[in-house]
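A short worksheet on the structure shown next.
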Amino acid sequence: MSGSVIQPERVQRLNEASADPGGRYVLYWMQKSVRTRCNHALEYAVERANDLGRPLVVAFGLMDDYPEANARHYAFLIEGLADVAASLAERRVRFVVKHGHPADVAIDLGRDAAVIVCDRDYLRHSRAWRDRVADEMKVEVVQVESELVVPLEAASDKEEYAARTIRPKITRLLEHFLVPLGEVELQTSSMKVAIRSELRDIDVTDPAGALERLQLDRCVAPVPMFRGGQREGEAIFGRFLDGFLDGYAGNRNQPQTEDVSHMSKYLHFGQVSPLWLALALKDSGGPGGDTQTYLEELLIRRPLTHNFCFHNPHYDQYRGLPEWSRKTLATHADDPREYVYSVDELEAAGTHDPYWNAAMVEMRETGYMHNYMRMYWGKKILEWSESPEAGFDAALHLNNKLFIDGRDANSFANVSWVFGRHDRPWQERPIFGKVRYMNANGLRRKAKPEEYVRKVQRMVERGETEGPASA
DNA sequence: ATCGGCTCGCGCAA
DNA sequence: TGCGCGAAGCCGAT
């Protein structure tokens, strides 16, 4: 173990099997951490390959019907895979993308493996895939965490109530985990290793062609504004550090400005490392308050959403909300609603509220919405739905369908926050009960929503080809 | 412009 | 067991 720093807390054996010395290669089943720099699972797999004197094969399973995914998500994902293909070739590491269910791909390629290394994801379906592979394989399956700076169990072994309860548990471990990950050179080139598999190869070096050939849900179009890939994500973050970090604490809740890093989508697809982001921030020498504000998002709030999804079996359901908020919302379930919109009416951005409509257009046309508007957007869906349950389902559905960074742990926690999760009660009022209320006056008081509306209009008129990549 | 009240439950101090 | 306080708020009183 030389060169890299992979804390033992990141590494978990998923079964009791041992490594097979007869295996022809070490398999890194890449599924969540789709990147080559600052990926603990990759470096761990290289080390195991070197220790066993074997080549390394990295494989990704690309299925047609990934849960809730459509062309908008696939386009971003495949661009990230193309970046991985190019980077791994430079490191003389063999990379294959196979058409099939991720677990089937891992099991198929794992038959010839000495060890299977996988990365980590916290959502229900992903966990089930890894459990299945670990159960079915007769060879060691080991999972390496690289999606959180402080590994989930190291911080807390229970569902946390709020940011304030998890914050000290994470903060005291940063010294141990917030350290660079070195790169390890693979000793046995794997570019020529024979791979026995009936599964079809997908050539991701032509992302548009690969996207075309998949049998996927095309109900939402890809957006040209944001391109996937680690190179792209890291470059965008570099421009954020140079141009927008200064003043971030004061401007991050100003939706009419561009003081945002756009990292959420890259984090969702594992295309940038949260550790890399945190280290880049600390190295940037930017203003302390601005850096602290960003680190709070990255190191406390985001892990809190992962803690929520990992420990709450109903993270994607209304019943996953806290007792107090479900109770107070039930009390007001029959309150008269001045406006009620269906999911289709919401998606069409045809409500009476111009601020809300602008947010909905931004979401639909760009796969992104400013963070502050996401709160307002959600609160109004609660207010304008026939029941809180219907509002929850509508908000989560639109979130996951339209955001590039939808279907993330953040998505489930953020929608749940609208309905009281990780929040506290406030003064009781119609429909909301004691759940936090937001209105357009607050928007006007704190930001410039009229400018935001104009910004969205301009973006749509221009055909939104100008993203942070070309800014 | 600024401030306190609203309201629940966690976690720490005692 | 008591007590302080919390991601993003609102609202009325000063």
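How things are named: the first chain in the structure tokens is A, the next is B, and so on; residues count from 1 in each chain; ligands count from 1 in the order shown.
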
- Any idea what's packed within 12 Å of A:Arg444, counting only C-alpha atoms (C1' of nucleotides), ignoring anything in its chain fewer than 4 positions away? Could you give it as number ranges by chain? A: 254-256, 355, 376, 438-440, 448-452

- Skip stretch 2-13 of chain B itself and residues of its chain fewer than 4 positions away, then list as a ChimeraX atom specification all residues within 6 Å of it, counting only C-alpha atoms (C1' of nucleotides). /A:425-427

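Taking only C-alpha atoms (C1' of nucleotides), the non-local environment of A:Arg436 within 10 Å (same-chain residues fewer than 5 positions away omitted) comprises Ser325, Lys379, Trp417, Val418, Phe419, Gly420, Asp423, Arg424, Pro425, Trp426, Gln427, Glu428 and Arg429 of chain A; DA8, DG9 and DC10 of chain C.
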
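In this model, the gap between atom CA of A:Ala69 and atom CA of A:His422 comes to 26.9 Å.
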
- Task: Give me the residues within 8 Å of A:Leu281 as a PyMOL selection string, counting only C-alpha atoms (C1' of nucleotides) and dropping any in the same chain fewer than 4 places off.
- Result: chain A and resi 241+277+285-286+291

- Item | For atom CA of A:Ser342 and atom C1' of C:DA7, the interatomic separation in Å (one decimal) |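 Between atom CA of A:Ser342 and atom C1' of C:DA7 the gap is 29.1 Å.
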
- Expected answer as JSON, numbers by chain: strand (DSSP E or B) residues in stretch 113-289 of chain A: {"A": [113, 114, 115, 116, 117, 118, 141, 142, 143, 144, 201]}

Excluding same-chain residues fewer than 2 positions from A:Glu90, what lies within 12 Å of it counting only C-alpha atoms (C1' of nucleotides), as an mmCIF file with C-alpha atoms, in the first residue's frame?
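result-v4.cif, written as the output of this step:
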data_model
loop_
_atom_site.group_PDB
_atom_site.id
_atom_site.type_symbol
_atom_site.label_atom_id
_atom_site.label_comp_id
_atom_site.auth_asym_id
_atom_site.auth_seq_id
_atom_site.Cartn_x
_atom_site.Cartn_y
_atom_site.Cartn_z
ATOM 1 C CA THR A 36 -10.224 8.171 -12.858
ATOM 2 C CA ASP A 83 -13.832 10.584 -20.424
ATOM 3 C CA VAL A 84 -13.048 7.502 -18.317
ATOM 4 C CA ALA A 85 -12.246 5.490 -21.451
ATOM 5 C CA ALA A 86 -9.716 8.085 -22.586
ATOM 6 C CA SER A 87 -8.098 8.496 -19.161
ATOM 7 C CA LEU A 88 -7.807 4.783 -18.432
ATOM 8 C CA ARG A 92 -2.770 1.395 -19.693
ATOM 9 C CA VAL A 93 -5.854 0.093 -17.906
ATOM 10 C CA ARG A 94 -8.417 -1.897 -19.881
ATOM 11 C CA PHE A 95 -11.956 -0.434 -19.751
ATOM 12 C CA GLU A 185 0.850 2.866 -11.350
ATOM 13 C CA LEU A 186 -0.438 -0.427 -12.685
ATOM 14 C CA SER A 189 -0.556 -3.630 -18.599
ATOM 15 C CA SER A 190 -4.048 -4.897 -19.165
ATOM 16 C CA MET A 191 -4.788 -3.467 -22.582
#

- Which is closer to chain B than all the others in A:Ala113, A:Leu56, A:Leu62, A:Ile166, using only C-alpha atoms (C1' of nucleotides)?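 Once distances to chain B are computed over only C-alpha atoms (C1' of nucleotides), the minimum belongs to A:Ile166.
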
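For the residues A:Met263, A:Ile195, A:Ala163, A:Ala280, ranking by smallest atom-to-atom distance to chain B using only C-alpha atoms (C1' of nucleotides) places A:Ala163 first.
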
- Mind checking which residues fall within 6 Å of stretch 393-408 of chain A, counting only C-alpha atoms (C1' of nucleotides), ignoring those fewer than 3 positions away in the same chain, and posting them as a list in words?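 In the requested format, the answer is His73, Lys265, His268, Val343, Arg364, Gly367, Tyr368, Ala390 and Ser411 of chain A.
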
Output file for the residues above (all heavy atoms, as a short mmCIF file (atom, residue, chain, number, x, y, z; two decimals), in the first residue's frame):
data_model
loop_
_atom_site.label_atom_id
_atom_site.label_comp_id
_atom_site.auth_asym_id
_atom_site.auth_seq_id
_atom_site.Cartn_x
_atom_site.Cartn_y
_atom_site.Cartn_z
N HIS A 73 -30.43 12.06 -18.65
CA HIS A 73 -29.45 11.49 -17.71
C HIS A 73 -28.41 10.64 -18.44
O HIS A 73 -27.21 10.73 -18.17
CB HIS A 73 -30.16 10.63 -16.66
CG HIS A 73 -31.29 11.33 -15.98
ND1 HIS A 73 -32.60 10.95 -16.13
CD2 HIS A 73 -31.30 12.42 -15.17
CE1 HIS A 73 -33.38 11.76 -15.42
NE2 HIS A 73 -32.62 12.66 -14.83
N LYS A 265 -24.45 17.94 -10.34
CA LYS A 265 -24.65 16.91 -11.36
C LYS A 265 -23.41 16.04 -11.53
O LYS A 265 -23.49 14.84 -11.76
CB LYS A 265 -25.08 17.55 -12.69
CG LYS A 265 -24.22 18.70 -13.13
CD LYS A 265 -24.83 19.45 -14.32
CE LYS A 265 -25.80 20.54 -13.97
NZ LYS A 265 -25.29 21.61 -13.08
N HIS A 268 -23.34 13.75 -8.61
CA HIS A 268 -24.34 12.69 -8.74
C HIS A 268 -23.83 11.53 -9.57
O HIS A 268 -24.05 10.37 -9.24
CB HIS A 268 -25.65 13.21 -9.34
CG HIS A 268 -26.57 12.09 -9.73
ND1 HIS A 268 -27.21 11.32 -8.79
CD2 HIS A 268 -26.90 11.57 -10.93
CE1 HIS A 268 -27.92 10.39 -9.40
NE2 HIS A 268 -27.73 10.52 -10.70
N VAL A 343 -49.84 17.50 -12.09
CA VAL A 343 -48.43 17.39 -12.46
C VAL A 343 -48.19 17.95 -13.85
O VAL A 343 -47.20 18.65 -14.09
CB VAL A 343 -47.96 15.91 -12.41
CG1 VAL A 343 -46.48 15.80 -12.75
CG2 VAL A 343 -48.20 15.32 -11.05
N ARG A 364 -36.96 22.59 -16.76
CA ARG A 364 -37.35 21.78 -17.92
C ARG A 364 -36.36 21.94 -19.07
O ARG A 364 -36.00 20.97 -19.72
CB ARG A 364 -38.75 22.22 -18.37
CG ARG A 364 -39.59 21.16 -19.01
CD ARG A 364 -40.94 21.73 -19.41
NE ARG A 364 -40.79 22.91 -20.24
CZ ARG A 364 -41.69 23.90 -20.30
NH1 ARG A 364 -42.79 23.85 -19.56
NH2 ARG A 364 -41.50 24.92 -21.10
N GLY A 367 -32.32 21.39 -17.28
CA GLY A 367 -31.98 20.29 -16.37
C GLY A 367 -31.37 20.77 -15.07
O GLY A 367 -30.77 20.00 -14.33
N TYR A 368 -31.52 22.08 -14.82
CA TYR A 368 -30.92 22.71 -13.64
C TYR A 368 -31.90 23.74 -13.11
O TYR A 368 -32.71 24.29 -13.85
CB TYR A 368 -29.60 23.38 -14.04
CG TYR A 368 -29.08 24.37 -13.02
CD1 TYR A 368 -28.41 23.94 -11.89
CD2 TYR A 368 -29.29 25.74 -13.20
CE1 TYR A 368 -27.96 24.86 -10.95
CE2 TYR A 368 -28.84 26.66 -12.26
CZ TYR A 368 -28.19 26.21 -11.14
OH TYR A 368 -27.75 27.10 -10.20
N ALA A 390 -49.98 14.02 -2.58
CA ALA A 390 -49.93 14.26 -4.03
C ALA A 390 -48.81 15.26 -4.35
O ALA A 390 -48.11 15.13 -5.36
CB ALA A 390 -51.27 14.79 -4.53
N SER A 411 -31.77 14.59 -3.95
CA SER A 411 -33.13 14.78 -4.45
C SER A 411 -34.15 14.35 -3.41
O SER A 411 -35.12 15.06 -3.14
CB SER A 411 -33.34 13.95 -5.72
OG SER A 411 -32.37 14.25 -6.69
#

- Task: Could you check which of A:His176, A:Arg302, A:Arg91, A:Lys158 is closest to A:Arg10, using only C-alpha atoms?
- Result: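 Distance minimum relative to A:Arg10 lands on A:His176.
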
- In Å to one decimal, how far is atom CA of A:Arg374 from atom CA of A:Met360? 9.3 Å
